[in-house]
Amino acid sequence: MHYNNFNNVLEINALTCEKREEIIDTFKNRFMTYGYRQIRTPVFEPYDLYSIVEGTIQRDDMIKVIGPTGKVLVLRPDATIPIARFISKHLQSEQDIFRYFYVMDVFRQTLNGTDHHERTQAGVEYFGNSSPIADTEVLALAAHLLKDLQIDGFTLEIGHAGFAQHLLHELPLNEKKVEQLKQLIQAKNKNEIEVFLAAYDMDPTVKRLLLEIPQLYGKPEEVIERAKRLSLNEQMAQAIDNLEMVCDLLTSYNLSEHLVIDLGLINHMDYYSDIIFQGFIKRVGKPVLMGGRYDKLTEQFDTTIPAIGFACDIDLIMDGLTLANEPAPVADLAIYYDAKSIKDALILANELRNRNRRVLFFQANETSRTMDETLCNISFVEGKMTMYWNETEQQFSTQESILKFIEKMDV
Amino acid sequence: MITLALAKGRTAKDSIALLREAGIQFADFHEDTRKLIFYDNDRKIKMLFVKAVDVPTYVEKGAADLGIVGKDNILEAQTDTYELLDLQLGKCKFVVAGLKEQPIRLTPNLTVASKYPTVAKKFFAEKDIPVETIKLNGSVELAPLIGMSDVIVDIVETGRTIKENGLKIIEEVDQISTRLIVNKASFATKTDSIKQFIKQLRSALEVKQ
């Protein structure tokens, strides 16, 4: 967040809250325009729920507490897993389609103490449809959110978890070495991939492919064309076909300047099975949005229901936005009262608030406050009702007449 | 405009020379400068002149889009960035060195003194050797001489310092040279200018070879 005043902590806190809520409201509206409904899961959940799910959250990353019965609980470390579990438990038929969104906090331990333990995520999960149409819908929705932020630049990087994964697992390497190679691919470190591969006796076409993967980055049509010319195995070719279909459908959404394909993209969450993506905005050094298709996750909860979703990190988004220089007015009207007229003043304030006006309430004279001339000020002093508004002064005899005037002038 | 974090210290001069060959010139830069921010003559690149150990941090946080820094600092920082070029400068290696060719174990844990405790820990963890690391900020060779540690993990260029202090290289850990690292978000949002920068640098490297 780019603060313009380091000292005004209270003001900044309030401004930050307002901005946050504004973003969340915008996102919620956007989710609803795609027909998604809000869902919530508990903050405290059994540790076992996460420790038995493979390829998800590092056990050490979870924040644990002991419940009154001695059971170990964790603070919700991820949103997708509990929602997928919830759906699996209450599913009537595997053919059902569900579209849900959430705005929830997730909690993780982080290794360096400087990071926050708490993050607000807004995201969607789309269950029951494994077609490219569903992929397209979710990708378009992700892009739409970033567009709604009205910032000058954002990029959505699309990859495919199946692309490098299958190739890596066919290599004659142990798990540690595969992990090392994965990291080199993620860092697009061509030199070291070359050095790494030189130590192994491997099919030269596979080696060439591994060296090419990190370079497969750029405009969708171009990268897909380049990838097709490589000697791909069957799963890789399928992954490319899938991406091609999705990118073709995405052209209807007029997003081409924001889309990039990165076939070297590997998500650290192993539950992703097919398309994966991440969103970047200017001035933020990390992806603000991450997601993908995870058709295999529900198998861990004894069902098979295809799913795709993403989560957007509201705190990171805030880092990329600038707070307004001038705080927006917090009220529409201010009422000043003296000891005699306090009850009448309260009745008017209540009546105005019922009519959705934002009303501030002050004691006349005693406060050092001078009237804020941008507001409509009403004073109840010595039995007189006076309104100071738009540089004019007006007397009123009854509350009804004030209310009528306020309605009429749309104060 | 893209921001480049350049490591101060032993490779700074060579890095600047390489950038010049790539057509990127910083007119007001000289070795004894106290300035921290420079602009290239075309005002397309803003350069931050920072301590080498901090370069990976600047890049990972996105405060700089690109970084030119030694692999030693990249390994120690363990940051999540792209590493796109080997600039072939400041070549040296990470080694384990000690008083004799085999470390003597008088303590239950092997003690390792290093400026690079993360690298040292990782190296021994892969070999399943439990170690205690001692972080030092310089003159690491002293530690085994006075019995503070059994071995050291350090970078050596010629091996002269090690030899002059009567230490012996026990094992080589990794090859080091200066690399170009890139913030992943910057690569996504400023692709064209970053690719252009890399292209220029790569052709300068090819001319040198």
# chains A, B, ... in the order shown; residues from 1 in each chain; ligands from 1
call {"tool": "residues_around", "arguments": {"residues": "Ala187 of chain A", "least_positions_apart": "5", "cutoff": "12 Å", "atoms": "only C-alpha atoms", "output": "JSON, numbers by chain"}}
result
{"A": [180, 181, 182, 192, 193, 213, 214, 215, 262, 264, 265, 266], "B": [74, 78, 79, 80, 81, 82, 83, 84, 85, 180, 181, 182, 183, 184, 187]}
call {"tool": "select_by_dssp", "arguments": {"residues": "segment 145-224 of chain A", "states": "strand (DSSP E or B)", "output": "list in words"}}
result
Phe154, Thr155, Leu156, Glu157, Ile158, Gly159, His160, Tyr217 and Gly218 of chain A
call {"tool": "closest_atom_pairs", "arguments": {"of": "chain A", "to": "chain B", "cutoff": "6 Å", "atoms": "only C-alpha atoms", "output": "CSV"}}
result
residue,atom,partner,partner_atom,distance
A:Thr155,CA,B:Thr189,CA,5.9
A:Ala187,CA,B:Tyr82,CA,4.0
A:Lys188,CA,B:Tyr82,CA,5.7
A:Asn189,CA,B:Glu83,CA,5.1
A:Phe280,CA,B:Ala185,CA,5.7
A:Gly285,CA,B:Gly62,CA,4.0
A:Lys286,CA,B:Ala185,CA,5.7
call {"tool": "write_last_selection", "arguments": {"atoms": "N, CA and C atoms", "output": "PDB file, in the first residue's frame"}}
result
ATOM      1  N   THR A 155      -1.801  -9.364 -15.849  1.00  0.00           N
ATOM      2  CA  THR A 155      -1.498 -10.475 -16.747  1.00  0.00           C
ATOM      3  C   THR A 155      -1.974 -11.759 -16.107  1.00  0.00           C
ATOM      4  N   ALA A 187      12.399 -21.947 -12.234  1.00  0.00           N
ATOM      5  CA  ALA A 187      13.253 -20.757 -12.278  1.00  0.00           C
ATOM      6  C   ALA A 187      13.674 -20.437 -13.715  1.00  0.00           C
ATOM      7  N   LYS A 188      13.194 -21.236 -14.684  1.00  0.00           N
ATOM      8  CA  LYS A 188      13.575 -21.084 -16.092  1.00  0.00           C
ATOM      9  C   LYS A 188      15.094 -21.029 -16.257  1.00  0.00           C
ATOM     10  N   ASN A 189      15.781 -21.816 -15.452  1.00  0.00           N
ATOM     11  CA  ASN A 189      17.236 -21.761 -15.406  1.00  0.00           C
ATOM     12  C   ASN A 189      17.830 -22.728 -16.423  1.00  0.00           C
ATOM     13  N   PHE A 280      -1.150 -11.622 -12.216  1.00  0.00           N
ATOM     14  CA  PHE A 280      -0.211 -10.627 -11.688  1.00  0.00           C
ATOM     15  C   PHE A 280      -0.745  -9.237 -11.954  1.00  0.00           C
ATOM     16  N   GLY A 285       4.970  -7.992  -6.396  1.00  0.00           N
ATOM     17  CA  GLY A 285       5.997  -8.930  -6.836  1.00  0.00           C
ATOM     18  C   GLY A 285       5.599 -10.391  -6.802  1.00  0.00           C
ATOM     19  N   LYS A 286       4.369 -10.670  -6.378  1.00  0.00           N
ATOM     20  CA  LYS A 286       3.915 -12.054  -6.273  1.00  0.00           C
ATOM     21  C   LYS A 286       2.591 -12.211  -7.005  1.00  0.00           C
TER      22      LYS A 286
END
call {"tool": "residues_around", "arguments": {"residues": "Glu125 of chain A", "least_positions_apart": "6", "cutoff": "6 Å", "atoms": "only C-alpha atoms", "output": "list in words"}}
result
Tyr100, Ile308 and Gly309 of chain A
call {"tool": "write_last_selection", "arguments": {"atoms": "C-alpha atoms", "output": "PDB file, in the first residue's frame"}}
result
ATOM      1  CA  TYR A 100     -19.703 -21.340  -5.178  1.00  0.00           C
ATOM      2  CA  ILE A 308     -11.840 -25.926 -11.043  1.00  0.00           C
ATOM      3  CA  GLY A 309     -11.331 -22.806  -8.968  1.00  0.00           C
TER       4      GLY A 309
END
call {"tool": "residues_around", "arguments": {"residues": "Leu201 of chain B", "least_positions_apart": "3", "cutoff": "8 Å", "atoms": "only C-alpha atoms", "output": "ChimeraX atom specification"}}
result
/B:18-19,22,197-198,204-205
call {"tool": "atom_distance", "arguments": {"atom1": "atom CA of Ala142 of chain A", "atom2": "atom CA of Phe310 of chain A"}}
result
7.6 Å
call {"tool": "residues_around", "arguments": {"residues": "Phe124 of chain B", "least_positions_apart": "4", "cutoff": "12 Å", "atoms": "only C-alpha atoms", "output": "MDAnalysis selection string"}}
result
chainID B and resid 96 109:112 117:120 128:133 151:153 171 173
call {"tool": "write_last_selection", "arguments": {"atoms": "N, CA and C atoms", "output": "CSV table (one decimal), in the first residue's frame"}}
result
chain,number,residue,atom,x,y,z
B,96,VAL,N,33.9,-27.0,0.9
B,96,VAL,CA,34.1,-27.3,2.4
B,96,VAL,C,35.5,-27.4,2.6
B,109,ASN,N,28.1,-33.3,17.1
B,109,ASN,CA,27.8,-32.6,15.9
B,109,ASN,C,29.0,-32.0,15.2
B,110,LEU,N,29.0,-32.1,13.9
B,110,LEU,CA,30.1,-31.5,13.2
B,110,LEU,C,29.7,-30.0,13.2
B,111,THR,N,30.6,-29.1,13.5
B,111,THR,CA,30.3,-27.7,13.5
B,111,THR,C,30.9,-27.1,12.2
B,112,VAL,N,30.1,-26.2,11.6
B,112,VAL,CA,30.4,-25.6,10.3
B,112,VAL,C,30.3,-24.1,10.5
B,117,PRO,N,25.1,-20.0,6.0
B,117,PRO,CA,24.7,-21.1,6.8
B,117,PRO,C,23.6,-21.9,6.1
B,118,THR,N,22.7,-21.3,5.3
B,118,THR,CA,21.7,-22.1,4.6
B,118,THR,C,22.3,-23.0,3.6
B,119,VAL,N,23.2,-22.6,2.9
B,119,VAL,CA,23.9,-23.4,1.9
B,119,VAL,C,24.6,-24.6,2.6
B,120,ALA,N,25.3,-24.2,3.7
B,120,ALA,CA,26.0,-25.2,4.5
B,120,ALA,C,25.1,-26.3,5.0
B,128,ASP,N,22.9,-36.4,4.9
B,128,ASP,CA,22.5,-36.9,6.2
B,128,ASP,C,23.5,-36.8,7.3
B,129,ILE,N,24.3,-35.7,7.3
B,129,ILE,CA,25.2,-35.5,8.4
B,129,ILE,C,24.7,-34.4,9.3
B,130,PRO,N,24.4,-34.7,10.6
B,130,PRO,CA,23.9,-33.6,11.4
B,130,PRO,C,25.0,-32.6,11.7
B,131,VAL,N,24.7,-31.3,11.5
B,131,VAL,CA,25.7,-30.3,11.8
B,131,VAL,C,25.2,-29.1,12.6
B,132,GLU,N,26.1,-28.4,13.2
B,132,GLU,CA,25.7,-27.2,13.9
B,132,GLU,C,26.4,-26.1,13.0
B,133,THR,N,25.6,-25.1,12.6
B,133,THR,CA,26.2,-24.0,11.8
B,133,THR,C,26.5,-22.8,12.7
B,151,VAL,N,34.9,-27.4,10.4
B,151,VAL,CA,35.1,-27.1,8.9
B,151,VAL,C,34.5,-25.8,8.6
B,152,ILE,N,34.7,-25.3,7.4
B,152,ILE,CA,34.1,-24.1,7.0
B,152,ILE,C,33.4,-24.4,5.6
B,153,VAL,N,32.4,-23.6,5.3
B,153,VAL,CA,31.9,-23.7,3.9
B,153,VAL,C,32.0,-22.2,3.4
B,171,GLU,N,35.9,-30.8,0.0
B,171,GLU,CA,34.9,-31.2,-1.0
B,171,GLU,C,34.4,-29.9,-1.7
B,173,VAL,N,31.3,-28.0,-3.4
B,173,VAL,CA,29.8,-28.0,-3.2
B,173,VAL,C,29.1,-27.6,-4.5
